[in-house]
Amino acid sequence: MTIGFYVSINENGGNEILITDEPTLEMNKSLYQNLDNKIQQQTTTERPNSGMGVLMGQNLAQLKEMLGEPQRIDESLYGYQWYIYNTDYARYVQVGVENNKVVTIYAIGENMDVTPFKLGQPIEEIFNSQVIATNFDIDINGNSYRFELNDTDLNIRPLIKLGDIFVQLYIDKFTGSLSSVRFLTDEMLVKQRPYELSFSGELIEPDEPSEEMWNLIEEGTEREILDITNVMRLRHNVKMLMWDEKTSVVAYGHSKDMSDSDDFSHTSKKFGSLSDRLEAANVTYKSAGENIAVNYNDGPAVAEGWLNSKGHRESLLSEEYTHLGVGVYQKYYTQNFINKSQE
């Protein structure tokens, strides 16, 4: 997966590019020393008996009994549908349902119960209460899979096994706290492959979507990125962004152009810079910024990736912007932020 540069432009024609480094282990470095030999004294390894984790494996009726009707249903690349609960961003959650069963959950709303964890929890507490492993072996129908986590994985997205389910933790490295939680079945973990994977036997892979299905997946992912961006902004006491359709069209065009040209860049050889593209689409703005990324699995993953990259985070949480356009083409992602306050 790759996160692009962060670029911002203003009404005076200024252009600033910030190249961000890959996440490092400098923060909380002591937590990872002697990790392979360390056995935690207090551990929680059983499946949750309260909170969102209890929904894993439950049916759709049980999901609706607990959370009610979703505000919308989005398609995903991995065979399940996301049931989106976004009426209250403090309780924002996406629940993946496949064949009438809950197979994954992504929770980021600060008031969501993600027992045995707590959103906003310091990373030190998590590492003192959980077994943090560097590799996981999974057997599914006689096929063997091994995930191996590198230092970056352990720093910002450690994986924990609780009973028969897995929990992927997204860590905000700038605050040293838990940003969000993703519950997954073993099969969904293998399908998504968020870590280095070796296997013996048959690899479980998602079906290749039709063009129509890709369109639905892209549209849903764009809305999810808007929602999650606003959850993150509210968490940091920054005003929510409004959706801007014209800017979204510009963002989609750039994502598709990056794919078509195989050129991962803020400046298109065909359509120019962000300011060129906004001007061509007659988007009026005071200032603008852009985040791009490629090869992330879905909206939650790319949003958390941007949050952990300095330049992208500044754009994501900037008080300067008022509107957002998101464009997703397959696994290319573009966020275009604009300030429309002078209109």
# chains A, B, ... in the order shown; residues from 1 in each chain; ligands from 1

$ select_by_dssp --residues "segment 231-342 of chain A" --states "alpha helix (DSSP H)" --output "ChimeraX atom specification"
/A:231-235,245-261,274-280,299-307,310-316

$ write_last_selection --atoms "N, CA and C atoms" --output "CSV table (one decimal), in the first residue's frame"
chain,number,residue,atom,x,y,z
A,231,VAL,N,-15.7,11.8,11.4
A,231,VAL,CA,-15.5,11.3,12.7
A,231,VAL,C,-14.2,11.7,13.3
A,232,MET,N,-13.1,11.6,12.5
A,232,MET,CA,-11.8,12.0,13.0
A,232,MET,C,-11.7,13.5,13.3
A,233,ARG,N,-12.3,14.3,12.5
A,233,ARG,CA,-12.3,15.7,12.7
A,233,ARG,C,-13.1,16.1,14.0
A,234,LEU,N,-14.2,15.5,14.2
A,234,LEU,CA,-15.0,15.8,15.4
A,234,LEU,C,-14.2,15.4,16.7
A,235,ARG,N,-13.5,14.2,16.5
A,235,ARG,CA,-12.6,13.7,17.6
A,235,ARG,C,-11.6,14.8,18.0
A,245,GLU,N,-20.1,17.9,-4.7
A,245,GLU,CA,-20.2,17.0,-5.8
A,245,GLU,C,-19.2,17.3,-6.9
A,246,LYS,N,-19.1,18.6,-7.3
A,246,LYS,CA,-18.2,19.0,-8.4
A,246,LYS,C,-16.7,18.6,-8.0
A,247,THR,N,-16.4,18.8,-6.8
A,247,THR,CA,-15.0,18.5,-6.3
A,247,THR,C,-14.8,17.0,-6.3
A,248,SER,N,-15.9,16.2,-6.0
A,248,SER,CA,-15.8,14.8,-6.0
A,248,SER,C,-15.6,14.2,-7.4
A,249,VAL,N,-16.2,14.9,-8.4
A,249,VAL,CA,-16.0,14.5,-9.8
A,249,VAL,C,-14.5,14.7,-10.2
A,250,VAL,N,-13.9,15.8,-9.7
A,250,VAL,CA,-12.5,16.1,-10.0
A,250,VAL,C,-11.6,15.0,-9.3
A,251,ALA,N,-12.0,14.7,-8.1
A,251,ALA,CA,-11.2,13.7,-7.3
A,251,ALA,C,-11.3,12.3,-8.0
A,252,TYR,N,-12.5,11.9,-8.4
A,252,TYR,CA,-12.6,10.6,-9.1
A,252,TYR,C,-11.8,10.6,-10.4
A,253,GLY,N,-11.9,11.7,-11.2
A,253,GLY,CA,-11.1,11.8,-12.4
A,253,GLY,C,-9.6,11.6,-12.2
A,254,HIS,N,-9.1,12.1,-11.1
A,254,HIS,CA,-7.7,12.0,-10.8
A,254,HIS,C,-7.4,10.6,-10.4
A,255,SER,N,-8.2,9.9,-9.6
A,255,SER,CA,-8.0,8.5,-9.3
A,255,SER,C,-8.0,7.6,-10.5
A,256,LYS,N,-8.9,7.8,-11.4
A,256,LYS,CA,-9.0,7.0,-12.6
A,256,LYS,C,-7.8,7.3,-13.5
A,257,ASP,N,-7.4,8.6,-13.6
A,257,ASP,CA,-6.2,8.9,-14.4
A,257,ASP,C,-5.0,8.3,-13.9
A,258,MET,N,-4.8,8.3,-12.6
A,258,MET,CA,-3.6,7.6,-12.0
A,258,MET,C,-3.6,6.1,-12.4
A,259,SER,N,-4.7,5.5,-12.4
A,259,SER,CA,-4.8,4.1,-12.7
A,259,SER,C,-4.5,3.9,-14.2
A,260,ASP,N,-5.2,4.7,-15.0
A,260,ASP,CA,-5.0,4.6,-16.5
A,260,ASP,C,-3.6,4.8,-16.9
A,261,SER,N,-3.0,5.8,-16.3
A,261,SER,CA,-1.6,6.2,-16.8
A,261,SER,C,-0.5,5.5,-16.0
A,274,LEU,N,-3.6,20.0,-9.3
A,274,LEU,CA,-4.9,20.1,-8.6
A,274,LEU,C,-5.6,21.4,-9.0
A,275,SER,N,-4.8,22.5,-9.0
A,275,SER,CA,-5.5,23.8,-9.3
A,275,SER,C,-6.0,23.8,-10.8
A,276,ASP,N,-5.2,23.1,-11.7
A,276,ASP,CA,-5.6,23.0,-13.1
A,276,ASP,C,-6.9,22.2,-13.2
A,277,ARG,N,-7.0,21.2,-12.4
A,277,ARG,CA,-8.2,20.3,-12.5
A,277,ARG,C,-9.4,21.0,-11.9
A,278,LEU,N,-9.2,21.7,-10.8
A,278,LEU,CA,-10.4,22.4,-10.2
A,278,LEU,C,-10.8,23.5,-11.1
A,279,GLU,N,-9.9,24.2,-11.7
A,279,GLU,CA,-10.3,25.3,-12.6
A,279,GLU,C,-11.0,24.8,-13.8
A,280,ALA,N,-10.6,23.7,-14.3
A,280,ALA,CA,-11.3,23.1,-15.5
A,280,ALA,C,-12.7,22.7,-15.2
A,299,GLY,N,-12.1,1.8,2.5
A,299,GLY,CA,-12.2,3.2,3.0
A,299,GLY,C,-11.6,3.3,4.4
A,300,PRO,N,-12.0,2.5,5.4
A,300,PRO,CA,-11.4,2.6,6.7
A,300,PRO,C,-9.9,2.5,6.7
A,301,ALA,N,-9.3,1.6,6.0
A,301,ALA,CA,-7.9,1.4,6.0
A,301,ALA,C,-7.1,2.6,5.4
A,302,VAL,N,-7.7,3.2,4.3
A,302,VAL,CA,-7.0,4.3,3.7
A,302,VAL,C,-7.1,5.6,4.6
A,303,ALA,N,-8.3,5.8,5.3
A,303,ALA,CA,-8.4,6.9,6.1
A,303,ALA,C,-7.5,6.8,7.3
A,304,GLU,N,-7.3,5.6,7.9
A,304,GLU,CA,-6.4,5.5,9.0
A,304,GLU,C,-5.0,5.7,8.6
A,305,GLY,N,-4.7,5.3,7.3
A,305,GLY,CA,-3.3,5.5,6.8
A,305,GLY,C,-3.0,7.0,6.6
A,306,TRP,N,-4.0,7.7,6.1
A,306,TRP,CA,-3.8,9.2,6.0
A,306,TRP,C,-3.6,9.8,7.4
A,307,LEU,N,-4.4,9.4,8.4
A,307,LEU,CA,-4.3,9.9,9.7
A,307,LEU,C,-2.9,9.8,10.3
A,310,LYS,N,2.0,12.6,8.4
A,310,LYS,CA,2.0,14.0,8.9
A,310,LYS,C,1.3,14.9,8.0
A,311,GLY,N,1.8,15.0,6.7
A,311,GLY,CA,1.2,15.9,5.8
A,311,GLY,C,-0.3,15.6,5.5
A,312,HIS,N,-0.6,14.3,5.3
A,312,HIS,CA,-2.0,14.0,5.1
A,312,HIS,C,-2.9,14.3,6.3
A,313,ARG,N,-2.4,14.0,7.4
A,313,ARG,CA,-3.1,14.3,8.7
A,313,ARG,C,-3.4,15.8,8.8
A,314,GLU,N,-2.5,16.6,8.4
A,314,GLU,CA,-2.7,18.1,8.5
A,314,GLU,C,-3.8,18.5,7.6
A,315,SER,N,-3.9,17.9,6.4
A,315,SER,CA,-5.0,18.2,5.5
A,315,SER,C,-6.3,17.6,6.1
A,316,LEU,N,-6.3,16.4,6.6
A,316,LEU,CA,-7.5,15.7,7.1
A,316,LEU,C,-8.1,16.5,8.2

$ residues_around --residues "segment 57-59 of chain A" --least-positions-apart "6" --cutoff "7 Å" --atoms "only C-alpha atoms" --output "PyMOL selection string"
chain A and resi 100-103

$ write_last_selection --atoms "N, CA and C atoms" --output "mmCIF file, in the first residue's frame"
data_model
loop_
_atom_site.group_PDB
_atom_site.id
_atom_site.type_symbol
_atom_site.label_atom_id
_atom_site.label_comp_id
_atom_site.auth_asym_id
_atom_site.auth_seq_id
_atom_site.Cartn_x
_atom_site.Cartn_y
_atom_site.Cartn_z
ATOM 1 N N ASN A 100 -26.054 -13.463 5.453
ATOM 2 C CA ASN A 100 -26.878 -13.267 6.655
ATOM 3 C C ASN A 100 -26.078 -13.360 7.958
ATOM 4 N N LYS A 101 -24.752 -13.323 7.874
ATOM 5 C CA LYS A 101 -23.924 -13.409 9.068
ATOM 6 C C LYS A 101 -22.959 -12.221 9.135
ATOM 7 N N VAL A 102 -22.711 -11.753 10.354
ATOM 8 C CA VAL A 102 -21.728 -10.684 10.568
ATOM 9 C C VAL A 102 -20.334 -11.296 10.495
ATOM 10 N N VAL A 103 -19.517 -10.805 9.547
ATOM 11 C CA VAL A 103 -18.174 -11.369 9.342
ATOM 12 C C VAL A 103 -17.068 -10.367 9.643
#

$ closest_residue --among "A:Leu241, A:Leu63, A:Ile73, A:Leu169" --to "Val114 of chain A" --atoms "only C-alpha atoms"
A:Leu169

$ residues_around --residues "Lys64 of chain A" --least-positions-apart "2" --cutoff "12 Å" --atoms "only C-alpha atoms" --output "list in words"
Leu55, Gln58, Asn59, Leu60, Ala61, Gln62, Met66, Leu67, Gly68, Glu69, Pro70, Gln71, Tyr83, Ile84, Tyr85, Val95, Val97, Asn100, Lys101 and Val102 of chain A

$ write_last_selection --atoms "N, CA, C and O atoms" --output "PDB file, in the first residue's frame"
ATOM      1  N   LEU A  55     -21.304  -9.351  18.254  1.00  0.00           N
ATOM      2  CA  LEU A  55     -22.075  -9.477  17.016  1.00  0.00           C
ATOM      3  C   LEU A  55     -21.401 -10.389  15.998  1.00  0.00           C
ATOM      4  O   LEU A  55     -22.055 -10.849  15.054  1.00  0.00           O
ATOM      5  N   GLN A  58     -23.141 -13.399  14.357  1.00  0.00           N
ATOM      6  CA  GLN A  58     -24.591 -13.303  14.558  1.00  0.00           C
ATOM      7  C   GLN A  58     -25.291 -13.043  13.223  1.00  0.00           C
ATOM      8  O   GLN A  58     -24.660 -12.647  12.236  1.00  0.00           O
ATOM      9  N   ASN A  59     -26.607 -13.243  13.204  1.00  0.00           N
ATOM     10  CA  ASN A  59     -27.343 -13.042  11.955  1.00  0.00           C
ATOM     11  C   ASN A  59     -27.856 -11.616  11.842  1.00  0.00           C
ATOM     12  O   ASN A  59     -27.725 -10.799  12.770  1.00  0.00           O
ATOM     13  N   LEU A  60     -28.451 -11.324  10.693  1.00  0.00           N
ATOM     14  CA  LEU A  60     -28.884  -9.963  10.406  1.00  0.00           C
ATOM     15  C   LEU A  60     -29.956  -9.494  11.382  1.00  0.00           C
ATOM     16  O   LEU A  60     -29.967  -8.332  11.805  1.00  0.00           O
ATOM     17  N   ALA A  61     -30.848 -10.394  11.771  1.00  0.00           N
ATOM     18  CA  ALA A  61     -31.901 -10.019  12.721  1.00  0.00           C
ATOM     19  C   ALA A  61     -31.290  -9.600  14.056  1.00  0.00           C
ATOM     20  O   ALA A  61     -31.743  -8.623  14.685  1.00  0.00           O
ATOM     21  N   GLN A  62     -30.270 -10.306  14.493  1.00  0.00           N
ATOM     22  CA  GLN A  62     -29.621  -9.963  15.758  1.00  0.00           C
ATOM     23  C   GLN A  62     -28.861  -8.646  15.647  1.00  0.00           C
ATOM     24  O   GLN A  62     -28.821  -7.861  16.598  1.00  0.00           O
ATOM     25  N   MET A  66     -29.780  -5.155  17.829  1.00  0.00           N
ATOM     26  CA  MET A  66     -28.810  -4.425  18.644  1.00  0.00           C
ATOM     27  C   MET A  66     -28.624  -2.986  18.178  1.00  0.00           C
ATOM     28  O   MET A  66     -28.570  -2.066  18.997  1.00  0.00           O
ATOM     29  N   LEU A  67     -28.557  -2.778  16.853  1.00  0.00           N
ATOM     30  CA  LEU A  67     -28.219  -1.450  16.335  1.00  0.00           C
ATOM     31  C   LEU A  67     -29.347  -0.778  15.558  1.00  0.00           C
ATOM     32  O   LEU A  67     -29.247   0.410  15.246  1.00  0.00           O
ATOM     33  N   GLY A  68     -30.396  -1.521  15.226  1.00  0.00           N
ATOM     34  CA  GLY A  68     -31.482  -0.955  14.436  1.00  0.00           C
ATOM     35  C   GLY A  68     -31.191  -1.024  12.946  1.00  0.00           C
ATOM     36  O   GLY A  68     -30.257  -1.691  12.501  1.00  0.00           O
ATOM     37  N   GLU A  69     -32.004  -0.319  12.168  1.00  0.00           N
ATOM     38  CA  GLU A  69     -31.818  -0.300  10.717  1.00  0.00           C
ATOM     39  C   GLU A  69     -30.626   0.584  10.358  1.00  0.00           C
ATOM     40  O   GLU A  69     -30.443   1.654  10.939  1.00  0.00           O
ATOM     41  N   PRO A  70     -29.812   0.166   9.398  1.00  0.00           N
ATOM     42  CA  PRO A  70     -28.676   1.004   8.998  1.00  0.00           C
ATOM     43  C   PRO A  70     -29.141   2.221   8.218  1.00  0.00           C
ATOM     44  O   PRO A  70     -30.238   2.229   7.654  1.00  0.00           O
ATOM     45  N   GLN A  71     -28.297   3.240   8.187  1.00  0.00           N
ATOM     46  CA  GLN A  71     -28.619   4.434   7.413  1.00  0.00           C
ATOM     47  C   GLN A  71     -28.411   4.185   5.916  1.00  0.00           C
ATOM     48  O   GLN A  71     -29.052   4.813   5.073  1.00  0.00           O
ATOM     49  N   TYR A  83     -23.068  -2.531   6.441  1.00  0.00           N
ATOM     50  CA  TYR A  83     -24.232  -1.864   7.033  1.00  0.00           C
ATOM     51  C   TYR A  83     -23.698  -0.657   7.796  1.00  0.00           C
ATOM     52  O   TYR A  83     -22.972  -0.810   8.775  1.00  0.00           O
ATOM     53  N   ILE A  84     -24.044   0.539   7.309  1.00  0.00           N
ATOM     54  CA  ILE A  84     -23.456   1.772   7.804  1.00  0.00           C
ATOM     55  C   ILE A  84     -24.383   2.438   8.824  1.00  0.00           C
ATOM     56  O   ILE A  84     -25.550   2.707   8.526  1.00  0.00           O
ATOM     57  N   TYR A  85     -23.841   2.724  10.003  1.00  0.00           N
ATOM     58  CA  TYR A  85     -24.582   3.423  11.061  1.00  0.00           C
ATOM     59  C   TYR A  85     -23.873   4.748  11.307  1.00  0.00           C
ATOM     60  O   TYR A  85     -22.831   4.808  11.965  1.00  0.00           O
ATOM     61  N   VAL A  95     -20.714  -2.470   9.759  1.00  0.00           N
ATOM     62  CA  VAL A  95     -20.820  -3.896  10.054  1.00  0.00           C
ATOM     63  C   VAL A  95     -20.927  -4.659   8.738  1.00  0.00           C
ATOM     64  O   VAL A  95     -21.833  -4.416   7.945  1.00  0.00           O
ATOM     65  N   VAL A  97     -21.784  -7.786   6.514  1.00  0.00           N
ATOM     66  CA  VAL A  97     -22.709  -8.926   6.552  1.00  0.00           C
ATOM     67  C   VAL A  97     -22.587  -9.709   5.257  1.00  0.00           C
ATOM     68  O   VAL A  97     -22.710  -9.151   4.159  1.00  0.00           O
ATOM     69  N   ASN A 100     -26.054 -13.463   5.453  1.00  0.00           N
ATOM     70  CA  ASN A 100     -26.878 -13.267   6.655  1.00  0.00           C
ATOM     71  C   ASN A 100     -26.078 -13.360   7.958  1.00  0.00           C
ATOM     72  O   ASN A 100     -26.657 -13.437   9.032  1.00  0.00           O
ATOM     73  N   LYS A 101     -24.752 -13.323   7.874  1.00  0.00           N
ATOM     74  CA  LYS A 101     -23.924 -13.409   9.068  1.00  0.00           C
ATOM     75  C   LYS A 101     -22.959 -12.221   9.135  1.00  0.00           C
ATOM     76  O   LYS A 101     -22.436 -11.771   8.118  1.00  0.00           O
ATOM     77  N   VAL A 102     -22.711 -11.753  10.354  1.00  0.00           N
ATOM     78  CA  VAL A 102     -21.728 -10.684  10.568  1.00  0.00           C
ATOM     79  C   VAL A 102     -20.334 -11.296  10.495  1.00  0.00           C
ATOM     80  O   VAL A 102     -19.994 -12.193  11.273  1.00  0.00           O
TER      81      VAL A 102
END

$ closest_residue --among "A:Glu148, A:Asp139, A:Glu208, A:Asp74" --to "Arg193 of chain A" --atoms "only C-alpha atoms"
A:Glu148

$ residues_around --residues "segment 159-165 of chain A" --least-positions-apart "2" --cutoff "12 Å" --atoms "only C-alpha atoms" --output "number ranges by chain"
A: 43-49, 53-57, 102-105, 115-117, 126-127, 129-139, 147-150, 152-157, 167-171, 181-189, 193-195

$ atom_distance --atom1 "atom CA of Asn230 of chain A" --atom2 "atom CA of Pro122 of chain A"
22.0 Å

$ residues_around --residues "segment 203-206 of chain A" --least-positions-apart "6" --cutoff "10 Å" --atoms "only C-alpha atoms" --output "NGL selection string"
:A and (77-79 or 140 or 143-145 or 187-193)

$ write_last_selection --atoms "N, CA, C and O atoms" --output "mmCIF file, in the first residue's frame"
data_model
loop_
_atom_site.group_PDB
_atom_site.id
_atom_site.type_symbol
_atom_site.label_atom_id
_atom_site.label_comp_id
_atom_site.auth_asym_id
_atom_site.auth_seq_id
_atom_site.Cartn_x
_atom_site.Cartn_y
_atom_site.Cartn_z
ATOM 1 N N LEU A 77 -15.491 -4.983 -1.570
ATOM 2 C CA LEU A 77 -14.716 -5.795 -2.505
ATOM 3 C C LEU A 77 -14.613 -7.245 -2.061
ATOM 4 O O LEU A 77 -14.187 -8.099 -2.830
ATOM 5 N N TYR A 78 -15.044 -7.548 -0.847
ATOM 6 C CA TYR A 78 -14.735 -8.848 -0.248
ATOM 7 C C TYR A 78 -15.952 -9.745 -0.023
ATOM 8 O O TYR A 78 -15.898 -10.665 0.781
ATOM 9 N N GLY A 79 -17.049 -9.465 -0.712
ATOM 10 C CA GLY A 79 -18.188 -10.368 -0.685
ATOM 11 C C GLY A 79 -19.256 -10.027 0.326
ATOM 12 O O GLY A 79 -20.363 -10.554 0.259
ATOM 13 N N ILE A 140 -7.719 -23.301 7.488
ATOM 14 C CA ILE A 140 -9.094 -23.240 6.995
ATOM 15 C C ILE A 140 -9.276 -24.354 5.978
ATOM 16 O O ILE A 140 -8.648 -24.340 4.909
ATOM 17 N N ASN A 143 -6.230 -25.883 4.492
ATOM 18 C CA ASN A 143 -5.273 -24.944 3.913
ATOM 19 C C ASN A 143 -4.600 -24.166 5.047
ATOM 20 O O ASN A 143 -5.274 -23.737 5.990
ATOM 21 N N SER A 144 -3.301 -23.980 4.948
ATOM 22 C CA SER A 144 -2.534 -23.338 6.018
ATOM 23 C C SER A 144 -2.074 -21.949 5.592
ATOM 24 O O SER A 144 -1.568 -21.769 4.480
ATOM 25 N N TYR A 145 -2.241 -20.983 6.494
ATOM 26 C CA TYR A 145 -1.867 -19.602 6.226
ATOM 27 C C TYR A 145 -1.056 -19.067 7.408
ATOM 28 O O TYR A 145 -1.375 -19.342 8.562
ATOM 29 N N GLU A 187 -11.412 -16.127 7.815
ATOM 30 C CA GLU A 187 -11.547 -16.120 6.362
ATOM 31 C C GLU A 187 -11.442 -14.706 5.800
ATOM 32 O O GLU A 187 -10.803 -14.490 4.755
ATOM 33 N N MET A 188 -12.045 -13.723 6.489
ATOM 34 C CA MET A 188 -11.951 -12.344 6.016
ATOM 35 C C MET A 188 -10.525 -11.824 6.125
ATOM 36 O O MET A 188 -10.065 -11.038 5.285
ATOM 37 N N LEU A 189 -9.810 -12.243 7.140
ATOM 38 C CA LEU A 189 -8.417 -11.840 7.282
ATOM 39 C C LEU A 189 -7.596 -12.354 6.106
ATOM 40 O O LEU A 189 -6.773 -11.628 5.530
ATOM 41 N N VAL A 190 -7.833 -13.603 5.721
ATOM 42 C CA VAL A 190 -7.095 -14.181 4.590
ATOM 43 C C VAL A 190 -7.490 -13.495 3.281
ATOM 44 O O VAL A 190 -6.649 -13.227 2.423
ATOM 45 N N LYS A 191 -8.769 -13.194 3.104
ATOM 46 C CA LYS A 191 -9.215 -12.519 1.885
ATOM 47 C C LYS A 191 -8.582 -11.133 1.738
ATOM 48 O O LYS A 191 -8.181 -10.732 0.647
ATOM 49 N N GLN A 192 -8.493 -10.407 2.849
ATOM 50 C CA GLN A 192 -8.017 -9.030 2.773
ATOM 51 C C GLN A 192 -6.495 -8.937 2.806
ATOM 52 O O GLN A 192 -5.920 -7.987 2.277
ATOM 53 N N ARG A 193 -5.829 -9.883 3.466
ATOM 54 C CA ARG A 193 -4.367 -9.948 3.506
ATOM 55 C C ARG A 193 -3.721 -8.601 3.848
ATOM 56 O O ARG A 193 -2.910 -8.055 3.079
#

$ atom_distance --atom1 "atom CA of Lys340 of chain A" --atom2 "atom CA of Glu320 of chain A"
9.8 Å

$ select_by_dssp --residues "segment 94-266 of chain A" --states "strand (DSSP E)" --output "ChimeraX atom specification"
/A:94-98,101-107,135-140,143-148,159-162,165-172,177-184,196-200,242-243

$ closest_residue --among "A:Phe199, A:Phe271, A:Tyr92, A:Trp214" --to "Glu75 of chain A" --atoms "only C-alpha atoms"
A:Trp214
